[in-house]
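Quick look at model-v1.txt (compact mmCIF, C-alpha atoms and all ligand atoms):
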```
# COMPACT_ATOMS: atom_id res chain seq x y z
CA MET A 1 16.36 -7.88 17.62
CA ARG A 2 19.86 -6.48 17.40
CA PRO A 3 20.05 -3.05 15.71
CA GLN A 4 21.13 -3.29 12.09
CA ARG A 5 23.00 -1.08 9.67
CA ILE A 6 20.48 -0.37 6.92
CA VAL A 7 20.94 1.39 3.59
CA VAL A 8 17.75 2.87 2.11
CA LEU A 9 17.23 3.87 -1.54
CA GLY A 10 14.23 6.12 -2.27
CA GLY A 11 14.10 7.40 1.31
CA THR A 12 13.20 10.96 0.29
CA GLY A 13 9.74 9.91 -0.96
CA PHE A 14 6.33 9.63 0.64
CA VAL A 15 6.91 6.14 2.12
CA GLY A 16 10.58 6.72 2.88
CA SER A 17 9.91 9.78 4.98
CA GLN A 18 7.71 7.64 7.26
CA LEU A 19 9.93 4.57 7.15
CA LEU A 20 13.15 6.23 8.30
CA PRO A 21 11.83 7.42 11.71
CA ARG A 22 10.09 4.05 12.20
CA LEU A 23 13.37 2.18 11.66
CA ARG A 24 15.20 4.59 13.94
CA ALA A 25 12.66 3.81 16.68
CA ASP A 26 13.98 0.22 16.62
CA GLY A 27 17.53 1.51 17.04
CA HIS A 28 18.74 0.81 13.51
CA GLU A 29 21.57 2.83 12.03
CA ILE A 30 20.50 4.26 8.68
CA LEU A 31 22.29 5.52 5.60
CA ALA A 32 19.82 7.03 3.11
CA LEU A 33 20.91 7.48 -0.51
CA SER A 34 19.37 10.05 -2.81
CA ARG A 35 20.10 11.29 -6.31
CA ASN A 36 19.47 14.83 -5.17
CA LEU A 37 19.02 16.10 -1.63
CA THR A 38 18.18 19.66 -2.61
CA GLY A 39 14.97 20.81 -0.99
CA HIS A 40 14.70 17.99 1.56
CA HIS A 41 15.73 20.20 4.51
CA GLU A 42 13.10 18.79 6.86
CA LEU A 43 14.01 15.16 6.11
CA LEU A 44 17.71 15.83 6.46
CA ARG A 45 17.02 16.64 10.10
CA THR A 46 15.57 13.15 10.79
CA PRO A 47 17.55 12.18 13.90
CA GLY A 48 19.99 9.33 13.48
CA VAL A 49 19.83 9.18 9.68
CA THR A 50 22.94 9.82 7.60
CA TRP A 51 22.26 11.09 4.08
CA ARG A 52 24.44 10.67 1.03
CA SER A 53 23.88 12.24 -2.36
CA LEU A 54 24.66 9.56 -4.91
CA ASP A 55 23.88 8.33 -8.42
CA VAL A 56 22.30 5.05 -7.31
CA TYR A 57 22.87 3.54 -10.77
CA ASP A 58 26.65 3.90 -10.38
CA ARG A 59 27.72 0.39 -9.37
CA ASN A 60 31.04 1.35 -7.81
CA LYS A 61 29.61 4.17 -5.74
CA LEU A 62 26.70 2.00 -4.68
CA VAL A 63 28.99 -0.85 -3.58
CA ASP A 64 31.01 1.65 -1.60
CA ALA A 65 27.85 2.89 0.15
CA LEU A 66 26.63 -0.66 0.88
CA ARG A 67 29.88 -1.90 2.45
CA GLY A 68 29.36 -2.83 6.11
CA ALA A 69 25.55 -2.80 5.86
CA ASP A 70 23.35 -5.66 7.11
CA THR A 71 20.30 -4.85 4.98
CA VAL A 72 19.34 -2.84 1.91
CA ILE A 73 15.82 -1.45 1.45
CA ASN A 74 14.92 -0.41 -2.09
CA LEU A 75 11.90 1.92 -2.21
CA VAL A 76 12.63 3.40 -5.62
CA GLY A 77 9.75 3.38 -8.07
CA ILE A 78 7.97 5.59 -10.58
CA LEU A 79 4.33 5.77 -11.71
CA ASN A 80 5.11 7.67 -14.89
CA GLU A 81 8.09 7.98 -17.19
CA LYS A 82 9.22 10.89 -19.30
CA GLY A 83 8.64 9.19 -22.67
CA ARG A 84 6.15 6.50 -23.61
CA ASP A 85 8.25 3.46 -24.64
CA GLY A 86 8.76 1.90 -21.21
CA SER A 87 12.49 2.67 -21.01
CA GLY A 88 12.02 4.92 -17.97
CA PHE A 89 10.21 2.15 -16.09
CA GLN A 90 12.82 -0.36 -17.24
CA ARG A 91 15.60 1.78 -15.81
CA ALA A 92 13.96 2.70 -12.49
CA HIS A 93 12.64 -0.79 -11.74
CA VAL A 94 14.59 -3.47 -13.61
CA GLU A 95 18.02 -1.93 -14.19
CA LEU A 96 18.12 -0.52 -10.68
CA ALA A 97 17.15 -3.89 -9.19
CA GLU A 98 20.05 -5.45 -11.16
CA VAL A 99 22.47 -2.84 -9.85
CA VAL A 100 21.21 -3.26 -6.27
CA ILE A 101 21.50 -7.06 -6.41
CA ALA A 102 25.03 -6.84 -7.86
CA GLY A 103 25.89 -4.16 -5.29
CA CYS A 104 24.66 -6.31 -2.39
CA LYS A 105 26.72 -9.27 -3.60
CA ALA A 106 29.87 -7.23 -4.14
CA ALA A 107 29.53 -5.51 -0.75
CA GLY A 108 28.66 -8.72 1.12
CA VAL A 109 25.10 -7.67 2.09
CA ASP A 110 22.74 -10.66 2.27
CA ARG A 111 19.41 -9.08 3.14
CA LEU A 112 17.27 -7.11 0.67
CA LEU A 113 13.80 -5.66 1.27
CA GLN A 114 12.21 -4.65 -2.02
CA MET A 115 9.17 -2.43 -2.51
CA SER A 116 7.01 -3.60 -5.40
CA ALA A 117 3.27 -3.34 -6.09
CA LEU A 118 0.13 -5.47 -6.12
CA ASN A 119 -0.36 -7.11 -9.53
CA ALA A 120 3.36 -6.91 -10.35
CA GLY A 121 3.92 -8.81 -13.60
CA ARG A 122 0.22 -8.75 -14.58
CA GLY A 123 -1.53 -6.86 -17.38
CA GLN A 124 -0.18 -4.72 -20.19
CA SER A 125 1.34 -1.67 -18.47
CA HIS A 126 5.05 -0.97 -18.47
CA TYR A 127 4.69 -0.15 -14.77
CA LEU A 128 3.41 -3.57 -13.71
CA ARG A 129 5.49 -5.50 -16.27
CA THR A 130 8.76 -3.97 -15.04
CA ARG A 131 7.70 -4.46 -11.42
CA GLY A 132 7.26 -8.15 -12.22
CA GLU A 133 10.66 -8.35 -13.95
CA ALA A 134 12.36 -6.75 -10.97
CA GLU A 135 10.65 -9.21 -8.62
CA ALA A 136 11.78 -12.16 -10.77
CA GLN A 137 15.39 -10.95 -10.62
CA ILE A 138 15.26 -10.54 -6.87
CA LYS A 139 13.75 -13.99 -6.34
CA ALA A 140 16.51 -15.50 -8.50
CA SER A 141 19.25 -13.55 -6.71
CA ARG A 142 19.91 -15.96 -3.83
CA LEU A 143 19.89 -12.99 -1.49
CA ASP A 144 17.71 -13.14 1.64
CA TRP A 145 14.90 -11.16 0.03
CA THR A 146 11.48 -9.98 1.15
CA ILE A 147 9.08 -8.32 -1.30
CA PHE A 148 6.20 -5.98 -0.42
CA GLN A 149 3.26 -5.56 -2.79
CA PRO A 150 0.99 -2.74 -1.65
CA SER A 151 -2.26 -1.55 -3.18
CA VAL A 152 -2.36 2.23 -3.45
CA ILE A 153 -0.93 3.80 -0.28
CA PHE A 154 -2.65 6.62 1.60
CA GLY A 155 -1.45 8.95 4.36
CA PRO A 156 -0.12 12.45 4.89
CA GLY A 157 1.68 13.50 1.71
CA ASP A 158 0.18 10.76 -0.46
CA GLY A 159 -0.31 10.90 -4.24
CA LEU A 160 -3.87 9.56 -4.01
CA TYR A 161 -6.26 11.73 -1.97
CA ASN A 162 -3.96 14.73 -2.42
CA ARG A 163 -3.94 14.31 -6.19
CA PHE A 164 -7.72 14.24 -6.39
CA ALA A 165 -7.98 17.11 -3.91
CA GLY A 166 -5.73 19.14 -6.22
CA LEU A 167 -8.09 18.45 -9.15
CA LEU A 168 -11.34 18.88 -7.23
CA ARG A 169 -10.48 22.24 -5.65
CA PRO A 170 -10.60 24.25 -8.90
CA LEU A 171 -12.89 22.05 -11.05
CA PRO A 172 -16.71 21.97 -10.78
CA CYS A 173 -16.79 18.46 -12.26
CA LEU A 174 -14.26 15.68 -12.83
CA PRO A 175 -14.28 13.43 -15.92
CA LEU A 176 -12.91 10.21 -14.43
CA ALA A 177 -11.24 7.39 -16.38
CA CYS A 178 -11.47 3.83 -15.04
CA ALA A 179 -13.97 4.96 -12.39
CA ASP A 180 -14.95 1.39 -11.47
CA THR A 181 -11.42 0.07 -10.94
CA LYS A 182 -11.12 -1.18 -7.39
CA PHE A 183 -8.45 -0.54 -4.79
CA ALA A 184 -7.90 -1.50 -1.18
CA PRO A 185 -5.92 1.56 -0.04
CA VAL A 186 -3.37 0.76 2.62
CA TYR A 187 -2.18 3.19 5.30
CA VAL A 188 1.44 4.31 5.01
CA GLY A 189 1.94 3.72 8.75
CA ASP A 190 0.90 0.08 8.25
CA VAL A 191 3.24 -0.26 5.28
CA VAL A 192 6.27 0.96 7.21
CA GLU A 193 5.29 -1.21 10.17
CA ALA A 194 5.32 -4.19 7.80
CA PHE A 195 8.90 -3.36 6.78
CA ALA A 196 9.96 -2.95 10.42
CA ARG A 197 8.40 -6.26 11.46
CA ALA A 198 9.74 -8.18 8.47
CA LEU A 199 13.23 -6.97 9.37
CA ALA A 200 12.83 -8.45 12.83
CA ARG A 201 11.48 -11.81 11.62
CA PRO A 202 13.83 -14.30 9.95
CA GLU A 203 10.76 -16.18 8.64
CA SER A 204 10.03 -13.22 6.31
CA VAL A 205 13.05 -14.21 4.18
CA GLY A 206 11.85 -15.51 0.82
CA GLN A 207 8.32 -14.14 1.38
CA SER A 208 6.17 -11.73 -0.62
CA TYR A 209 3.62 -9.73 1.36
CA GLU A 210 0.56 -8.24 -0.30
CA LEU A 211 -0.34 -5.12 1.67
CA TYR A 212 -3.87 -3.77 1.48
CA GLY A 213 -6.42 -2.04 3.63
CA PRO A 214 -9.77 -3.17 5.09
CA ARG A 215 -12.00 -1.44 2.48
CA VAL A 216 -12.40 -2.10 -1.22
CA LEU A 217 -13.12 1.23 -2.92
CA SER A 218 -13.62 2.10 -6.56
CA LEU A 219 -11.77 5.09 -7.96
CA ARG A 220 -15.14 6.88 -8.02
CA ASP A 221 -15.59 6.12 -4.26
CA ILE A 222 -12.14 7.57 -3.57
CA VAL A 223 -12.94 10.76 -5.49
CA ARG A 224 -16.26 11.12 -3.65
CA GLN A 225 -14.52 10.62 -0.28
CA THR A 226 -12.04 13.34 -1.26
CA ALA A 227 -14.75 15.82 -2.29
CA LYS A 228 -16.58 15.19 0.97
CA ALA A 229 -13.42 15.79 2.99
CA LEU A 230 -12.90 19.06 1.10
CA GLY A 231 -16.49 20.05 1.86
CA ARG A 232 -17.20 20.61 -1.87
CA ARG A 233 -20.04 19.32 -4.02
CA ARG A 234 -18.48 18.02 -7.20
CA LEU A 235 -19.90 16.12 -10.14
CA VAL A 236 -17.91 12.99 -11.00
CA ILE A 237 -18.41 11.89 -14.61
CA PRO A 238 -17.23 8.31 -15.27
CA LEU A 239 -15.77 8.18 -18.78
CA PRO A 240 -16.66 5.37 -21.19
CA ASP A 241 -13.66 3.27 -22.12
CA ALA A 242 -12.94 4.90 -25.50
CA LEU A 243 -12.96 8.38 -23.91
CA ALA A 244 -10.82 7.18 -21.01
CA ARG A 245 -8.22 5.96 -23.51
CA LEU A 246 -8.39 9.23 -25.40
CA GLN A 247 -8.03 11.25 -22.19
CA ALA A 248 -4.94 9.20 -21.27
CA LEU A 249 -3.45 9.67 -24.73
CA CYS A 250 -3.90 13.45 -24.57
CA LEU A 251 -2.54 13.71 -21.04
CA ASP A 252 0.56 11.71 -22.08
CA PHE A 253 1.74 14.96 -23.62
CA VAL A 254 0.86 17.28 -20.74
CA PRO A 255 3.90 18.20 -18.60
CA GLY A 256 3.82 16.26 -15.34
CA LYS A 257 1.46 13.62 -16.82
CA PRO A 258 -1.52 13.91 -14.47
CA PHE A 259 -2.71 10.67 -16.14
CA SER A 260 -1.10 8.55 -18.84
CA SER A 261 -1.73 5.67 -21.22
CA ASP A 262 0.42 3.51 -18.96
CA ASN A 263 -1.72 4.48 -15.93
CA TYR A 264 -4.78 3.58 -18.01
CA ARG A 265 -3.30 0.14 -18.74
CA SER A 266 -2.43 -0.44 -15.05
CA LEU A 267 -5.99 0.51 -14.11
CA GLN A 268 -7.42 -2.34 -16.21
CA THR A 269 -6.61 -4.62 -13.26
CA ASP A 270 -8.22 -4.14 -9.83
CA SER A 271 -5.63 -3.43 -7.13
CA VAL A 272 -7.06 -5.72 -4.47
CA GLY A 273 -5.23 -8.59 -2.85
CA GLY A 274 -5.74 -12.21 -1.86
CA ILE A 275 -4.03 -12.86 1.49
CA ASP A 276 -3.21 -9.75 3.45
CA GLY A 277 0.44 -9.61 4.44
CA LEU A 278 -0.44 -7.12 7.17
CA PHE A 279 -2.34 -9.82 9.07
CA ARG A 280 0.52 -12.26 8.48
CA LEU A 281 2.76 -9.73 10.19
CA GLY A 282 0.30 -9.10 13.05
CA ILE A 283 -0.81 -5.65 11.87
CA THR A 284 -4.48 -4.58 11.85
CA PRO A 285 -5.02 -2.47 8.70
CA LYS A 286 -6.44 1.04 9.12
CA ASP A 287 -9.49 2.46 7.37
CA PRO A 288 -8.83 5.40 5.02
CA ALA A 289 -12.13 7.01 6.11
CA ASP A 290 -10.47 7.87 9.43
CA PHE A 291 -7.67 9.82 7.73
CA VAL A 292 -9.00 11.56 4.62
CA ASP A 293 -9.87 14.89 6.31
CA ALA A 294 -6.36 15.26 7.70
CA ILE A 295 -4.71 14.14 4.45
CA VAL A 296 -6.32 16.71 2.18
CA ALA A 297 -5.26 19.60 4.40
CA ARG A 298 -2.45 20.95 2.16
CA SER A 299 1.11 21.29 3.45
CA PRO A 300 4.45 22.54 2.09
CA ARG A 301 5.69 18.93 2.34
CA GLN A 302 2.86 17.86 0.00
CA ARG A 303 3.81 20.49 -2.54
CA ARG A 304 7.41 19.23 -2.42
CA LEU A 305 6.33 15.58 -2.96
CA ASP A 306 4.03 16.55 -5.85
CA HIS A 307 6.90 18.43 -7.46
CA ASP A 308 9.36 15.54 -7.00
CA ARG A 309 6.98 13.05 -8.64
CA LEU A 310 6.97 14.92 -11.95
CA PRO A 311 8.61 12.68 -14.57
CA ARG A 312 12.02 13.88 -15.74
N1 LIG A 401 2.52 5.52 -3.13
C1 LIG A 401 1.78 4.48 -3.53
O1 LIG A 401 0.54 4.53 -3.56
C2 LIG A 401 2.46 3.20 -3.93
C3 LIG A 401 1.68 2.07 -4.22
C4 LIG A 401 2.31 0.90 -4.60
C5 LIG A 401 3.70 0.84 -4.67
N2 LIG A 401 4.42 1.97 -4.38
C6 LIG A 401 5.87 1.92 -4.48
O2 LIG A 401 6.43 2.25 -3.22
C7 LIG A 401 7.68 2.94 -3.42
C8 LIG A 401 7.68 4.23 -2.66
O3 LIG A 401 6.56 4.98 -3.08
P1 LIG A 401 6.48 6.54 -2.79
O4 LIG A 401 5.07 6.93 -2.97
O5 LIG A 401 7.23 6.84 -1.54
O6 LIG A 401 7.31 7.10 -4.03
P2 LIG A 401 7.89 8.57 -4.23
O7 LIG A 401 7.36 9.49 -3.20
O8 LIG A 401 7.66 8.91 -5.65
O9 LIG A 401 9.45 8.37 -3.94
C9 LIG A 401 10.23 7.44 -4.63
C10 LIG A 401 11.70 7.80 -4.47
O10 LIG A 401 12.40 7.10 -5.49
C11 LIG A 401 13.47 7.91 -5.99
N3 LIG A 401 13.33 7.93 -7.46
C12 LIG A 401 12.29 8.41 -8.19
N4 LIG A 401 12.50 8.21 -9.49
C13 LIG A 401 13.70 7.60 -9.60
C14 LIG A 401 14.48 7.12 -10.68
N5 LIG A 401 14.07 7.26 -11.96
N6 LIG A 401 15.65 6.54 -10.41
C15 LIG A 401 16.09 6.41 -9.15
N7 LIG A 401 15.41 6.84 -8.08
C16 LIG A 401 14.24 7.42 -8.30
C17 LIG A 401 13.31 9.32 -5.44
O11 LIG A 401 14.40 9.52 -4.55
P3 LIG A 401 15.61 10.56 -4.87
O12 LIG A 401 15.09 11.59 -5.82
O13 LIG A 401 15.94 11.10 -3.53
O14 LIG A 401 16.72 9.75 -5.44
C18 LIG A 401 11.99 9.26 -4.66
O15 LIG A 401 12.07 9.87 -3.42
C19 LIG A 401 7.83 3.11 -4.93
O16 LIG A 401 8.60 2.05 -5.42
C20 LIG A 401 6.40 2.99 -5.43
O17 LIG A 401 6.33 2.58 -6.79
C21 LIG A 401 3.84 3.14 -4.01
```

Do you think you could lay out the structure here as structure tokens?
Amino acid sequence: MRPQRIVVLGGTGFVGSQLLPRLRADGHEILALSRNLTGHHELLRTPGVTWRSLDVYDRNKLVDALRGADTVINLVGILNEKGRDGSGFQRAHVELAEVVIAGCKAAGVDRLLQMSALNAGRGQSHYLRTRGEAEAQIKASRLDWTIFQPSVIFGPGDGLYNRFAGLLRPLPCLPLACADTKFAPVYVGDVVEAFARALARPESVGQSYELYGPRVLSLRDIVRQTAKALGRRRLVIPLPDALARLQALCLDFVPGKPFSSDNYRSLQTDSVGGIDGLFRLGITPKDPADFVDAIVARSPRQRRLDHDRLPR
């Protein structure tokens, strides 16, 4: 494959920080756009990546950044918004997708790789609804698109095992909402490999890839795995539905939203897939059990990612 000029949005995040070096390994030239580069000193040293601080919603500036690129990769997404009416999700997912599509067309970029999520467009949450709307726009765009729909992603710096580790360290017991909801956690290294391979394969144009791991785990299983990796005995108390809803409602108003009503609504649907896109791309998915110990070892990078995920 000939090296491409690639523009990445959302490259400062958990997935982006693994994707950029993976793309560089294939010789691609990368321009990474960020709303705010403050505090990303380590990432800014990623060899061969040019960084630009930019308001990604500014059409003119975005078009300027996209000129001359072969491909755009949009990793931007949020799990929680500042308010509760869905407008934050609408902006980060749907409005940004619109701006990116228009930017690609104006700058003459045909290829767009879009990060989405399993169950996009299903259920009652603003998160999944806006994911679905963004996907619909991209599919109607006439660009050469590829969409990735991962289950929850695990790996160093994740917001899954690290989040539960942060709760389990100080607490003797954990009241857990939606304890039986199922996931098939997918390794971040497999996710970025999927992007790299899709880029190299023309047949990935017009395809959506569900990305999930080899094990189906309930939220309760994931919490237990985390406690075991921490070497702590912790009581996990599954909450009945009414209490789960109440917990979400209360935490809606806690700064940083450790859990929210929108998370509760997303968790009404199991995050497990049908046909694994990893296999379609020739990737053997990795088992989270082999990684949990290393993941919960806390790092400065983790603290930075946790801080950056706070809704604002
Ligand atoms: N992690 C998972 O388990 C998981 C599962 C399924 C799908 N996904 C999706 O995969 C993508 C990457 O996930 P991630 O875990 O790497 O996310 P992340 O660590 O939260 O990073 C996302 C990036 O998006 C940018 N961003 C955040 N809010 C924004 C906003 N309101 N407007 C514009 N840009 C914004 C930020 O970049 P700047 O601040 O530098 O601009 C941030 O670095 C997201 O779309 C996420 O929804 C993740």

> Quick one: of A:Gly13, A:Pro172, A:Gly68, A:Gly273, who's nearest to ligand LIG 401 (chain A), counting only C-alpha atoms and all ligand atoms?
Replying inline: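 Of all the options, A:Gly13 lies closest to ligand LIG 401 (chain A).
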
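Going from atom C17 of ligand LIG 401 (chain A) to atom CA of Phe291 of chain A covers 24.8 Å.
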
>> As a quick test: using only C-alpha atoms and all ligand atoms, which residues lie no more than 8 Å away from ligand LIG 401 (chain A)? Give them as a PyMOL selection string.
In response: chain A and resi 9-17+33-37+54-57+74-79+81+88-89+91-92+96+115-118+149-154+158-160+185+305+308-309+311-312

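The two atoms in question, atom CA of Ala120 of chain A and atom CA of Tyr209 of chain A, are spaced 12.0 Å apart.
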
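The space separating atom CA of Ala177 of chain A from atom CA of Pro285 of chain A comes to 27.7 Å.
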
> When distances are computed from all atoms listed in the file, which of A:Leu230, A:Cys104, A:His307, A:Arg22 shows the smallest separation from Pro255 of chain A?
Replying inline: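 Answer, going by the shortest atom-to-atom distance: A:His307.
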
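Proximity ranking of A:Gln137, A:Pro175, A:Val63, A:Ala248 relative to Gly103 of chain A places A:Val63 first, based on only C-alpha atoms.
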
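Between Val186 of chain A and the candidates A:Ala102, A:Val72, A:Ala294, A:Leu211, the tightest atom-to-atom separation, counting all atoms listed in the file, involves A:Leu211.
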
>> Between A:Gly39, A:Gly157, A:Gly206, A:Pro3, which residue has the minimum interatomic distance to Glu135 of chain A, considering only C-alpha atoms?
In response: A:Gly206

>> Using all atoms listed in the file for the distances, tell me which of A:Gly27, A:His126, A:Phe183, A:Gly282 is nearest to Gly83 of chain A.
In response: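 Looking at the shortest contact to Gly83 of chain A, the residue is A:His126.
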
> Could you name the residues that touch Lys139 of chain A at 10 Å or less, counting only C-alpha atoms, but leaving out those on the same chain fewer than 5 positions away, as JSON, numbers by chain?
Replying inline: {"A": [133, 134, 144, 145, 146, 147, 206, 207, 208]}

Print the selection's residues with C-alpha atoms to a file, as a PDB file, in the frame of the given file.
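That gives us part28.pdb:
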```pdb
ATOM      1  CA  GLU A 133      10.660  -8.350 -13.950  1.00  0.00           C
ATOM      2  CA  ALA A 134      12.360  -6.750 -10.970  1.00  0.00           C
ATOM      3  CA  ASP A 144      17.710 -13.140   1.640  1.00  0.00           C
ATOM      4  CA  TRP A 145      14.900 -11.160   0.030  1.00  0.00           C
ATOM      5  CA  THR A 146      11.480  -9.980   1.150  1.00  0.00           C
ATOM      6  CA  ILE A 147       9.080  -8.320  -1.300  1.00  0.00           C
ATOM      7  CA  GLY A 206      11.850 -15.510   0.820  1.00  0.00           C
ATOM      8  CA  GLN A 207       8.320 -14.140   1.380  1.00  0.00           C
ATOM      9  CA  SER A 208       6.170 -11.730  -0.620  1.00  0.00           C
TER      10      SER A 208
END
```

> Which neighbours of Glu29 of chain A fall inside 10 Å, counting only C-alpha atoms, when residues of the same chain fewer than 5 positions from it are skipped, and could you give them as a ChimeraX atom specification?
Replying inline: /A:3-7,20,23-24,48-50,69-70

>> Counting all atoms listed in the file, which residues have an atom no more than 8 Å from (-1.5, -4.3, -23.6) in the file's coordinates? Please list them as a list in words.
In response: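 Neighbouring residues, ordered by chain and number, come to Gly123, Gln124, Ser125 and Arg265 of chain A.
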
>> Excluding segment 238-240 of chain A and its own-chain neighbours fewer than 4 positions away, which residues fall within 10 Å of it when counting only C-alpha atoms? Please give them as an MDAnalysis selection string.
In response: chainID A and resid 174:180 219:220 244:247

> If we count only C-alpha atoms, what is near Gly121 of chain A at a cut-off of 8 Å, once residues fewer than 4 positions away on the same chain are taken out, given as an MDAnalysis selection string?
Replying inline: chainID A and resid 128:133
